[in-house]
Amino acid sequence: MSGEFKPSRLGPQSGEVIDRSATIRFTWDSKVMTGFAGDTIASALMANGVRIVSRSMKYHRPRGYMTADYWDPNGFVQVGDDPNVRSGHRLLEPGMTIDPQNVWPSLDHDVKAANGFVGRFLTAGFYYKTFIRPQRLWPAFEKVLSTFAPGGTVDLDTPHRLHDKRYAHPDVVVAGGGPAGMAAAIAAAEAGARVMLVEHEHHLGGHLLWGSDEDRALAAKMRDAADVAGVEILTDSTVTGRYEDNWVSIVQRNHPLAVERLIKARATSLVVAPGLIERPYVFAGNDKPGVMLSGAVRRMINMYAVKPGSRAVVLTANADGDAAVADLRDVGVEVARVVDARAGENVASANGPGRTVESVTLGDGTSIDCDLLVTAVGWTAPTSLLNMAADRPVYDATAARFFPGGPIDTVLSTGGLTGDGTVEQLVEHGRATGRLAAERSAVAKHRIQAHTARAAPVSGDEPAWPHDLRAALGRDPHPELFRSTTHGIVDFSEDVSSKDLVGAAAEGFDSVELLKRFTTATMGPSQGKLETVNTVAVLAEARGETIEEVGTTVWRPPYAPITLGALAGRIFEPVRVSSIQPWHEANGAVDILAGAWKRPEHYGDPAAEVMNTRTNVGIIDVTPLGKLDLQGPDVPKLLSQLYTNKWMQLPVGSVRYGIMCAEDGVVLDDGVTARLGDEHYLMTTTSSGAATIWEWAENWLQTEHPEWQVHVTPVTTGLCSINIAGPNSRTLLGRLCPDIDLDPDAFPYMHVRTGTVAGVDDCIAWRIGFTGELSYEIHVPSGYGLHVWNALLDAGADLGIKPFGLEAQRIMRLEKGHFIVGQDTDGLTKAPSTGLAPLIKLDKDDFAGKAELGWALDEFASAESKAPRLVAIQPTDPTVVPHEASQIVRAGTNEILGRITSSRMSPTLGRSICLGQVAIDAAAPGTMLTIVLADGTRTTAEVMARHAHFDPEGERLRG
Amino acid sequence: MVDPNSVNPVFESPITSTNSGSAGTSIGTSADQAALTLADESSLTKTLIRAEPRTKAERQLDVVFGASRLVDGVVISGQRPSEWLVIGEANDVSTFVDRIDREGHVSLVDHTHSRAMMRLTGLDASRVLEKVCSLDWSSEMTPNGAVVSASVAKVGCDIVRNDTFRHGSALASSAPTEVIPPSYWIACDRSFAQYLFDAILDAGQEFGLLPA
Amino acid sequence: MTLFQSLRGSMKSNAVSRPPRYSAAGLLVKGVKQESWPRVWRDVPLKKSYDVVIVGGGVHGLATAYYLAANHGITNVAIVDKSYLGSGGSGRNTAIVRSNYLTPEGVAFYDRSLELYNSMAVDLNINVMFSERGHMTLAHTDSALRTMHWRAEVNKLQNIDSSVIDPAEVKKLAPSLDTSSDPRYPILGALYHPPGGTIRHDAVVWGYARAADHLGVEMHQKAEVLDILVEGGDGPDGKGSGGRVTGVRTNRGDISAPIVVNCTAGWATLISDMAGVKLPISTRPLQAAVTEPVKVFLPTVVVSGSLHVYVSQTDRGELVFGASVDPFNTYSVRGSLEFTEELAGHVLELMPGISRMRLLRQWAGLCDMTPDYSPVMGFTPVEGFFCDVGWGTYGFKAGPVSGEQMAECIATQQTPKLIEPFKLSRFSTGELVGEKGAAAVGH
Amino acid sequence: MLLVPCPHCGPRNASDLSYKGESHARPDPNSATAEEWRSYLYMEDNPAGWLRETWYCRSGCRRFFVLERDTATNEFRNPPVPGAKLGGKA
């Protein structure tokens, strides 16, 4: 409509924070506009005459700036690929592309605004009551409803730009840089504390910034003083949470390099000084563009030189409202009427008929034309950080707001949150708070230093805990103003009205939490900052109770929303490699990530690698194999405790295989341990089990048998491990080992020798047979690992040496019938099921899992045993390779009898081979099994007599 | 064919690439302080000594958990209760270790190949560490000589702060007015070394950290 | 007279007239007349005695009460809760439902639950907004993929729609996922379960409460159980094994009842301790978080076991996230920063494009973890004291079937076949449930 | 982030440690009945209050130790003497 008021830029104001010499061009809703450096998007838009910024979530009602700060529920915009940007807070930048959200097809003509007409039917919780029948239509309804989702748009190609993190250990963190917060920071720093002062806004000063010239002078002076005192000042940064033991999260948005930085501060003391958040008033039409809170009007005029209206009505219940009246008059806005709530005056409605405010109806029925309605009806105390420290706020009816509950030793509060006063009183309270925080930090620090081994020594006794002797701030009386005689919006971001709340309470959702859940009030992006107290007040009114009786909701972290980018920060994903990895990468290895290890899966053709190893000789880098150096007289006792078999008599120079079980009898790990010397052993574990088994061993030594003298030291990557396998392996190793006698009689299977390999001293070599071939596993000091690897390749060139990867090793071990813990066993597989019952020695005094394994062996031996059996399986059709996890069923039924745990095509045998777990009645050799393949068809397979498909007698490996 | 046994093995560091992926874009650090460096010292000899309380070895080592000292050219680091790492040049370490009394439950493990080692030095060194490790690096909590084990960029590390001494000798004392920059030895499992080196360089980018 | 007969004897007397049905037409009428709806459940004084007292007013307790009344005619039932209905796990979970479990017994059980969820809107006359949007469990390693195959094969044999799909199919279903081979944890495939989805958890609570109320069940909020009255047991005060329950002591006085059912989560140990029954339970918080709304882009539920994260987008446009339980036992539900950091890191590995979305709120609920990732249901060594506890992180999914089976167990005094594997005695016989075989993140 | 008072290292972030759960004495595997053994394996006190529990200082000193913590407030008390025997049969 024509003649509608448009906000505009005023002449220079003494407190303005904009730089008129720096013009910034930007687009809004595809229109090119200009603003100044220092403008927020909101102030720039208003200076360009924009009144309608968004459409409301449910009814798509036009909305304009109400608080014009971070918390403004109407000020969400899309900035490029950044959705839901708080335009009341985000600074204008050159070239910004800013668009309205939640509009269709456009901000001015929103078709979904039709929702508004049927608003009386779309009461809170209406979804629950409809679309019930016919049920099959709900998915279609759901599809339509989801197109109504509010908010901006995610560009799925958004890059994860540089986000950073940092830890900090300040003595004192002050959350809030208003007069009290600044005073607290200065006083604490002057008392010797390391202080971080964190201000959500772009400038320190809080409400001083939109006050008088003297206020601003004080703010500037304190800012300088904080600098001089060595306070680390973080503006445009928010303390988003206070977690266990004062673990404080701070999001810094103005870091010079990173988009955002998350600071994790272990604050010895936290001072909470966020000030107060002005509360909207509930009345008909309270969400019309042109209804603003007093603080918003004052910031716009004083800080951004924006004229918010031409003819105003001001509802005031306090000095801030009165100051808004003065500010408006100063810049030439006609104040048509001051409605003084302290004198019982009231506003009943803000009226259209257009999209913005055109008149106001007062409580007495008077109607006044205006284009701006300013309300100043009191505050919400943002006690979030205190809530997170388990504080429960208490309502004070006289002051018409909540206050912090009880005192907390390491979390102090100051400023408007705790009471009212002159600027001088607030500053004094802040100073006292800062001093107390610093004193308490000093005590806590003394204690921590005294109890931390590495810390610098502290002298003297711990000082006494300083008591809180601060004089409390006063509390100014304030009328209780929540809802007028009419109904209006309570939660602006969720479009929930007071009428919805009353209706929901009548339906039985009459506790704050149920009401919240049913109506979604306080659940939207503003998270209750503006609407919690009004929600509680409306419920109290509906129930005929007081606000104290109704209570309030708990504010959950974060205090202000945090981007996922900031929370993620730099992503640390450690990767481990062996010393030979550079060779693998240069020689065509295809890597696989196994845990944190990056290692070759194959070098192009795993089947050929198998054949070469079986025919000539192959080498594989098995460095990730867990290795533990064990020393001490009681190593055999430890081994006996960890493994199920016997270890007391292992001769020097021998290697033995064992399995380890947890106390419930479930297989934990397996591997070999060698006795290198009298009191010196080397244990190997699976790669994935290395850390677990080390901890498991320490656990037994430290908690159960501290009297045993054993030192366990992980040496996994200190030793580069290479397995040399194949018929030519002895010949090959012989060329490089001048001082080890490799004759099979001198160095038989399952024995260990130490010596020189390729000129490298202190190498360990043992004979084991995971692949089923004659093989030597050598462990060389890692700094020479690559050297030895290259030496092997050189020396074996004429012997047909080729490297092989993990896949070839897996095939060979399956041919040989060796199981892999965690693949062929699972979280319930007890040791007898693996077929290694003979390795369980119940005649030992004790070992991990002994009790359960005793019962498990009995169970296993019984005819009704339910324990699965690990068996070798060969499909009838040798070309069929059932995929791992294929189910084994009783023929003609869906009854599961077991599953295939490992399966491969064997290049050596030219047929498919498997290991599987099956029930007792399917485990007998020769049993024909039915296997369900991936496509649902069934095939048959035979249970083999022995686990080894290849060389069951072990002639090759013992050779 | 070359006789492989005649080739003299040369120690290879796990840190094979010391190129900073990104140029050090320094902020808030003046150019004259920009000597913030990360050096690979993996080839140093490291011997782990474990000795039970009240052994002679414990008295010979004479360093409590959390502390370190320089003696006979080697740094003895009390890195865990009843556990020391002796760091230095090969000859110094073996001379020192040979003197350790083995009576009682005392054991030695050569950690030279197990642990990679890097040295971070500079006035902003603690600010770099603060980005990758959650410990308090202030001089009250981690003074010169302090030893601590912690996760650095998600890798378990043993760290020795030795601003004023190195293996071999104490540093020549500089002019008394000059600030001695903090210096940290960071030891990690060899297999993580390249990853960790890169991660620390990356974290130090904003302070102008450069590989040495 | 057996307990069963005496319970049956109590039926009918509490029948309550049915309130107006929820429907679009009803909504229209109320809108025109500007009337409000009647209360969802009555607010009645607590009586001195009931046939059954159910401790815990969450989905499990409410469903048990509803099925006792609806299927067995046992209506003289009180639900007591120390807070408001649905204040515990029922209102804190991430509202995901599925039935693609690993073991045949798990599959059968959860499939029945899904069936009940499917017909719930009509059965209870409330739109629970069941969104059958499909459920994807991503595999990032060979071994995870093997487990996915295992689950899929077991599922298929029981006619559950469940299969392993390749990265291209994953990308088609959820274009926001990075299915390239670049990430540290590349997506190698996924277990896809089309019948899985999300549901409005509060609506389930209110639906059962409203329906149970219609049948005469009483809901008592802010009624805290202080003790369970037991006599004849071998423990102190006659509690424990061999005893029988006689009632409960609440902050509003004693209630006598021959049957007391522990349907709590988070406090299961504390309630069972009152009867002298020891449980294999550790209480740990499970945290969850929600972002601000953005336009809908994620059509399915996505779970990654390796990255310990699950995510879905509500019709309102918020992403709802969960993770695995906290690393140590605690009854504190304050939540942690590290949870949100890890969550964000993992989510961005899966969906790198959403780094500008903002986390709006985080919260935690208490989970009662058992050694085999399966619940404890049915009889206890104290006669008349029943347990439906130990629900770990999967209690919500099982709400309806648990209520149905617990009601049958109580009414018939027999353990129904579906919950036979979950009996408490398995922890002395060692017959643990096989979900332990693969469970990491069980969502 | 919870701070755990490691008796050797001083206060450390909980993420530096592994939580090992309630500290129960291990029965003699040779004489324990199945019920006793499984009670040791599976049953928990799980109090909402003071709990004796085992921690392992994984990133720091690598010692196991028992602490007492209030599971309702996460407050610790009675930091133990370093080197004392933990849990176990004694």
# chains A, B, ... in the order shown; residues from 1 in each chain; ligands from 1
$ residues_around --residues "segment 34-44 of chain D" --least-positions-apart "2" --cutoff "9 Å" --atoms "only C-alpha atoms" --output "MDAnalysis selection string"
(chainID A and resid 663:664 851:852 855) or (chainID C and resid 269 278:282 370:371 427:430) or (chainID D and resid 22 24:29 32 46:47)
$ select_by_dssp --residues "segment 695-915 of chain A" --states "helix (DSSP H, G or I)" --output "CSV table (one decimal) with N, CA, C and O atoms, in the first residue's frame"
chain,number,residue,atom,x,y,z
A,695,GLU,N,46.6,-53.5,27.5
A,695,GLU,CA,45.8,-53.0,28.6
A,695,GLU,C,45.3,-54.2,29.5
A,695,GLU,O,45.3,-54.1,30.7
A,696,TRP,N,44.9,-55.2,28.8
A,696,TRP,CA,44.5,-56.5,29.5
A,696,TRP,C,45.6,-57.0,30.4
A,696,TRP,O,45.4,-57.4,31.6
A,697,ALA,N,46.8,-57.1,29.9
A,697,ALA,CA,47.9,-57.6,30.6
A,697,ALA,C,48.2,-56.7,31.8
A,697,ALA,O,48.5,-57.1,32.9
A,698,GLU,N,48.2,-55.3,31.5
A,698,GLU,CA,48.5,-54.4,32.6
A,698,GLU,C,47.4,-54.5,33.7
A,698,GLU,O,47.7,-54.4,34.9
A,699,ASN,N,46.2,-54.7,33.3
A,699,ASN,CA,45.1,-54.9,34.2
A,699,ASN,C,45.4,-56.0,35.2
A,699,ASN,O,45.3,-55.9,36.4
A,700,TRP,N,45.8,-57.2,34.7
A,700,TRP,CA,46.1,-58.3,35.5
A,700,TRP,C,47.3,-58.0,36.4
A,700,TRP,O,47.2,-58.4,37.6
A,701,LEU,N,48.3,-57.4,35.9
A,701,LEU,CA,49.5,-57.1,36.7
A,701,LEU,C,49.2,-56.1,37.7
A,701,LEU,O,49.7,-56.2,38.9
A,702,GLN,N,48.5,-55.1,37.4
A,702,GLN,CA,48.3,-54.0,38.4
A,702,GLN,C,47.2,-54.2,39.4
A,702,GLN,O,47.3,-53.8,40.6
A,703,THR,N,46.1,-54.9,39.0
A,703,THR,CA,45.0,-55.0,39.9
A,703,THR,C,44.9,-56.3,40.6
A,703,THR,O,44.5,-56.4,41.8
A,704,GLU,N,45.3,-57.4,39.9
A,704,GLU,CA,45.1,-58.7,40.5
A,704,GLU,C,46.4,-59.3,41.0
A,704,GLU,O,46.4,-60.0,42.0
A,729,SER,N,61.9,-69.8,0.9
A,729,SER,CA,62.1,-68.8,1.9
A,729,SER,C,63.4,-69.1,2.7
A,729,SER,O,64.1,-68.2,3.1
A,730,ARG,N,63.7,-70.4,2.9
A,730,ARG,CA,64.9,-70.7,3.6
A,730,ARG,C,66.1,-70.3,2.8
A,730,ARG,O,67.0,-69.7,3.4
A,731,THR,N,66.1,-70.6,1.5
A,731,THR,CA,67.2,-70.2,0.7
A,731,THR,C,67.4,-68.7,0.8
A,731,THR,O,68.5,-68.2,0.9
A,732,LEU,N,66.3,-68.0,0.6
A,732,LEU,CA,66.4,-66.5,0.6
A,732,LEU,C,67.0,-66.0,1.9
A,732,LEU,O,67.9,-65.2,1.9
A,733,LEU,N,66.4,-66.4,3.0
A,733,LEU,CA,66.9,-65.9,4.3
A,733,LEU,C,68.3,-66.3,4.6
A,733,LEU,O,69.1,-65.5,5.1
A,734,GLY,N,68.7,-67.5,4.1
A,734,GLY,CA,70.1,-67.9,4.2
A,734,GLY,C,71.1,-66.9,3.6
A,734,GLY,O,72.2,-66.8,4.1
A,735,ARG,N,70.7,-66.3,2.6
A,735,ARG,CA,71.6,-65.3,1.9
A,735,ARG,C,71.8,-64.1,2.7
A,735,ARG,O,72.7,-63.3,2.4
A,736,LEU,N,70.9,-63.8,3.6
A,736,LEU,CA,71.0,-62.5,4.4
A,736,LEU,C,71.3,-62.7,5.8
A,736,LEU,O,71.5,-61.8,6.6
A,782,SER,N,62.8,-50.9,13.4
A,782,SER,CA,62.1,-50.2,12.3
A,782,SER,C,62.8,-49.3,11.4
A,782,SER,O,62.5,-49.1,10.3
A,783,GLY,N,63.8,-48.6,12.0
A,783,GLY,CA,64.6,-47.7,11.3
A,783,GLY,C,65.3,-48.3,10.1
A,783,GLY,O,65.8,-47.6,9.2
A,784,TYR,N,65.5,-49.7,10.2
A,784,TYR,CA,66.1,-50.4,9.1
A,784,TYR,C,65.1,-51.3,8.3
A,784,TYR,O,65.5,-52.1,7.5
A,785,GLY,N,63.8,-51.1,8.6
A,785,GLY,CA,62.8,-52.0,8.0
A,785,GLY,C,62.8,-51.9,6.5
A,785,GLY,O,62.8,-53.0,5.8
A,786,LEU,N,62.9,-50.7,5.9
A,786,LEU,CA,62.9,-50.6,4.5
A,786,LEU,C,64.1,-51.2,3.9
A,786,LEU,O,64.1,-51.8,2.8
A,787,HIS,N,65.2,-51.0,4.6
A,787,HIS,CA,66.5,-51.5,4.1
A,787,HIS,C,66.4,-53.0,4.0
A,787,HIS,O,66.8,-53.6,3.0
A,788,VAL,N,65.8,-53.7,5.0
A,788,VAL,CA,65.8,-55.1,5.0
A,788,VAL,C,64.8,-55.6,3.9
A,788,VAL,O,65.1,-56.6,3.2
A,789,TRP,N,63.7,-54.9,3.8
A,789,TRP,CA,62.7,-55.2,2.7
A,789,TRP,C,63.4,-55.2,1.3
A,789,TRP,O,63.2,-56.1,0.5
A,790,ASN,N,64.1,-54.1,1.1
A,790,ASN,CA,64.8,-54.0,-0.2
A,790,ASN,C,65.8,-55.1,-0.4
A,790,ASN,O,66.0,-55.6,-1.5
A,791,ALA,N,66.5,-55.4,0.7
A,791,ALA,CA,67.6,-56.4,0.6
A,791,ALA,C,66.9,-57.8,0.3
A,791,ALA,O,67.5,-58.6,-0.5
A,792,LEU,N,65.8,-58.1,0.9
A,792,LEU,CA,65.1,-59.3,0.6
A,792,LEU,C,64.7,-59.4,-0.9
A,792,LEU,O,64.9,-60.4,-1.6
A,793,LEU,N,64.2,-58.3,-1.4
A,793,LEU,CA,63.8,-58.3,-2.8
A,793,LEU,C,65.0,-58.5,-3.7
A,793,LEU,O,64.9,-59.2,-4.7
A,794,ASP,N,66.0,-57.8,-3.4
A,794,ASP,CA,67.2,-57.9,-4.2
A,794,ASP,C,67.8,-59.4,-4.1
A,794,ASP,O,68.0,-60.0,-5.2
A,795,ALA,N,67.9,-59.9,-2.9
A,795,ALA,CA,68.5,-61.2,-2.8
A,795,ALA,C,67.6,-62.3,-3.3
A,795,ALA,O,68.1,-63.4,-3.6
A,797,ALA,N,65.6,-62.0,-6.0
A,797,ALA,CA,65.1,-61.8,-7.4
A,797,ALA,C,65.2,-63.1,-8.2
A,797,ALA,O,64.2,-63.4,-8.9
A,798,ASP,N,66.2,-63.9,-8.0
A,798,ASP,CA,66.3,-65.1,-8.8
A,798,ASP,C,65.5,-66.2,-8.2
A,798,ASP,O,65.4,-67.3,-8.8
A,799,LEU,N,64.9,-66.0,-7.0
A,799,LEU,CA,64.1,-67.1,-6.4
A,799,LEU,C,62.6,-66.8,-6.7
A,799,LEU,O,61.8,-67.5,-6.2
A,806,LEU,N,47.5,-58.3,2.1
A,806,LEU,CA,46.7,-58.8,3.2
A,806,LEU,C,45.7,-59.8,2.6
A,806,LEU,O,45.4,-60.8,3.2
A,807,GLU,N,45.2,-59.5,1.4
A,807,GLU,CA,44.2,-60.4,0.8
A,807,GLU,C,44.8,-61.8,0.5
A,807,GLU,O,44.2,-62.8,0.8
A,808,ALA,N,46.0,-61.8,-0.1
A,808,ALA,CA,46.6,-63.1,-0.4
A,808,ALA,C,46.9,-63.9,0.9
A,808,ALA,O,46.7,-65.1,1.0
A,809,GLN,N,47.2,-63.1,2.0
A,809,GLN,CA,47.4,-63.8,3.3
A,809,GLN,C,46.1,-64.4,3.8
A,809,GLN,O,46.1,-65.5,4.3
A,810,ARG,N,45.0,-63.6,3.6
A,810,ARG,CA,43.7,-64.1,4.1
A,810,ARG,C,43.4,-65.4,3.3
A,810,ARG,O,42.8,-66.3,3.9
A,811,ILE,N,43.6,-65.4,2.0
A,811,ILE,CA,43.3,-66.6,1.2
A,811,ILE,C,44.1,-67.8,1.7
A,811,ILE,O,43.6,-68.9,2.0
A,812,MET,N,45.4,-67.5,1.9
A,812,MET,CA,46.3,-68.7,2.3
A,812,MET,C,45.9,-69.2,3.7
A,812,MET,O,45.9,-70.4,3.9
A,813,ARG,N,45.6,-68.3,4.6
A,813,ARG,CA,45.2,-68.8,5.9
A,813,ARG,C,43.9,-69.5,5.9
A,813,ARG,O,43.7,-70.5,6.6
A,814,LEU,N,43.0,-69.1,5.0
A,814,LEU,CA,41.8,-69.9,4.9
A,814,LEU,C,42.0,-71.2,4.2
A,814,LEU,O,41.4,-72.3,4.6
A,815,GLU,N,42.9,-71.3,3.2
A,815,GLU,CA,43.3,-72.6,2.7
A,815,GLU,C,43.8,-73.5,3.8
A,815,GLU,O,43.6,-74.7,3.8
A,816,LYS,N,44.5,-72.9,4.7
A,816,LYS,CA,45.1,-73.6,5.8
A,816,LYS,C,44.1,-73.8,6.9
A,816,LYS,O,44.4,-74.6,7.9
A,831,ALA,N,35.8,-70.3,23.6
A,831,ALA,CA,36.9,-71.0,23.0
A,831,ALA,C,36.6,-72.4,22.5
A,831,ALA,O,37.2,-72.8,21.4
A,832,PRO,N,35.8,-73.3,23.1
A,832,PRO,CA,35.6,-74.6,22.6
A,832,PRO,C,35.1,-74.6,21.1
A,832,PRO,O,35.4,-75.5,20.3
A,833,SER,N,34.3,-73.6,20.8
A,833,SER,CA,33.7,-73.5,19.5
A,833,SER,C,34.7,-73.4,18.4
A,833,SER,O,34.4,-73.7,17.2
A,834,THR,N,35.9,-72.9,18.7
A,834,THR,CA,36.9,-72.7,17.6
A,834,THR,C,37.6,-74.0,17.2
A,834,THR,O,38.3,-74.0,16.3
A,837,ALA,N,39.6,-76.8,21.7
A,837,ALA,CA,39.4,-77.3,23.1
A,837,ALA,C,40.6,-77.8,23.7
A,837,ALA,O,40.9,-77.6,24.9
A,838,PRO,N,41.5,-78.6,23.0
A,838,PRO,CA,42.7,-79.1,23.7
A,838,PRO,C,43.6,-78.0,24.2
A,838,PRO,O,44.5,-78.4,25.0
A,839,LEU,N,43.5,-76.8,23.7
A,839,LEU,CA,44.3,-75.8,24.2
A,839,LEU,C,43.8,-75.2,25.5
A,839,LEU,O,44.4,-74.2,26.0
A,850,LYS,N,38.8,-69.1,33.1
A,850,LYS,CA,38.8,-70.5,33.5
A,850,LYS,C,37.4,-71.0,33.9
A,850,LYS,O,37.0,-72.1,33.5
A,851,ALA,N,36.8,-70.3,34.8
A,851,ALA,CA,35.5,-70.8,35.3
A,851,ALA,C,34.5,-71.0,34.2
A,851,ALA,O,34.0,-72.1,34.1
A,852,GLU,N,34.3,-70.1,33.3
A,852,GLU,CA,33.4,-70.2,32.2
A,852,GLU,C,33.8,-71.3,31.3
A,852,GLU,O,32.9,-72.0,30.7
A,853,LEU,N,35.1,-71.4,31.0
A,853,LEU,CA,35.5,-72.4,30.0
A,853,LEU,C,35.3,-73.8,30.5
A,853,LEU,O,35.1,-74.7,29.8
A,854,GLY,N,35.4,-74.0,31.8
A,854,GLY,CA,35.1,-75.3,32.4
A,854,GLY,C,33.7,-75.7,32.1
A,854,GLY,O,33.5,-76.8,31.6
A,855,TRP,N,32.8,-74.8,32.4
A,855,TRP,CA,31.4,-75.1,32.1
A,855,TRP,C,31.2,-75.2,30.6
A,855,TRP,O,30.4,-76.0,30.1
A,856,ALA,N,31.9,-74.4,29.8
A,856,ALA,CA,31.7,-74.4,28.4
A,856,ALA,C,32.1,-75.7,27.8
A,856,ALA,O,31.5,-76.2,26.9
A,857,LEU,N,33.2,-76.2,28.3
A,857,LEU,CA,33.7,-77.5,27.8
A,857,LEU,C,32.7,-78.6,28.1
A,857,LEU,O,32.4,-79.5,27.2
A,858,ASP,N,32.1,-78.6,29.3
A,858,ASP,CA,31.0,-79.6,29.6
A,858,ASP,C,29.9,-79.5,28.6
A,858,ASP,O,29.4,-80.4,28.1
A,859,GLU,N,29.5,-78.2,28.5
A,859,GLU,CA,28.3,-78.0,27.6
A,859,GLU,C,28.6,-78.4,26.2
A,859,GLU,O,27.8,-79.1,25.5
A,860,PHE,N,29.8,-78.1,25.7
A,860,PHE,CA,30.3,-78.4,24.4
A,860,PHE,C,30.2,-80.0,24.1
A,860,PHE,O,29.9,-80.4,23.0
A,861,ALA,N,30.6,-80.7,25.2
A,861,ALA,CA,30.6,-82.1,25.1
A,861,ALA,C,29.3,-82.8,25.1
A,861,ALA,O,29.2,-84.0,24.8
$ interface_residues --of "chain C" --to "chain A" --cutoff "7 Å" --atoms "only C-alpha atoms" --output "short mmCIF file (atom, residue, chain, number, x, y, z; two decimals) with C-alpha atoms, in the first residue's frame"
data_model
loop_
_atom_site.label_atom_id
_atom_site.label_comp_id
_atom_site.auth_asym_id
_atom_site.auth_seq_id
_atom_site.Cartn_x
_atom_site.Cartn_y
_atom_site.Cartn_z
CA TYR C 22 -9.78 -37.02 16.91
CA SER C 23 -10.47 -36.26 13.27
CA ALA C 24 -10.25 -33.47 10.77
CA LEU C 27 -11.07 -30.22 14.47
CA LEU C 28 -13.27 -28.19 12.15
CA GLY C 31 -12.51 -24.52 15.37
CA SER C 36 -11.27 -26.69 23.45
CA TRP C 37 -10.83 -30.45 23.58
CA PRO C 38 -11.48 -32.45 26.72
CA ARG C 39 -8.54 -33.59 28.81
CA VAL C 40 -6.37 -36.29 27.24
CA TRP C 41 -6.42 -38.21 30.49
CA ALA C 121 -2.71 -44.28 14.57
CA VAL C 122 -5.95 -46.13 13.93
CA ASN C 125 -6.99 -42.67 17.30
CA ILE C 126 -4.06 -40.32 17.24
CA ASN C 127 -1.71 -39.43 14.43
CA VAL C 128 1.68 -40.64 15.65
CA SER C 131 7.17 -41.86 8.71
CA ARG C 146 30.19 -58.37 6.69
CA HIS C 149 25.33 -58.91 5.24
CA TRP C 150 24.83 -61.09 8.28
CA GLU C 153 20.58 -62.56 5.51
CA LEU C 157 14.95 -65.50 6.14
CA SER C 176 23.83 -35.45 0.81
CA ALA C 203 2.31 -38.76 20.33
CA GLU C 292 17.86 -25.47 13.49
CA PRO C 293 15.43 -26.24 10.70
CA VAL C 294 16.41 -25.99 7.05
CA LYS C 295 14.52 -27.08 3.97
CA VAL C 296 14.19 -30.86 3.86
CA ASP C 315 9.30 -32.86 8.65
CA ARG C 316 9.96 -29.51 10.30
CA GLY C 317 13.43 -29.54 8.78
CA ARG C 334 23.68 -32.57 31.86
CA SER C 336 28.78 -32.80 27.34
CA LEU C 337 30.58 -30.65 24.82
CA THR C 340 28.64 -32.43 20.19
CA GLU C 341 32.20 -32.09 18.91
CA GLU C 342 32.51 -35.73 17.97
CA ALA C 344 29.68 -32.77 14.35
CA GLY C 345 32.99 -34.17 13.18
CA PRO C 352 30.47 -32.44 4.31
CA GLY C 353 28.02 -29.93 2.87
CA ILE C 354 26.20 -29.11 6.08
CA SER C 355 28.96 -27.37 8.02
CA ARG C 356 26.89 -24.18 8.19
CA MET C 357 23.94 -25.82 9.91
CA ARG C 358 23.67 -24.85 13.53
CA LEU C 359 23.25 -27.13 16.49
CA LEU C 360 20.35 -25.73 18.45
CA ARG C 361 19.94 -27.90 21.50
CA GLN C 362 21.46 -30.95 23.11
CA TRP C 363 20.05 -33.19 25.77
CA GLY C 434 23.12 -62.96 20.54
CA LYS C 436 25.98 -58.93 21.55
CA GLY C 437 27.52 -60.62 18.56
CA ALA C 438 27.57 -57.44 16.59
#
$ closest_residue --among "D:Leu67, D:Asp45, D:Lys20, D:Asn30" --to "chain A" --atoms "only C-alpha atoms"
D:Asn30
$ select_by_dssp --residues "segment 1-32 of chain D" --states "strand (DSSP E)" --output "PyMOL selection string"
chain D and resi 3-6+10-13+18-22
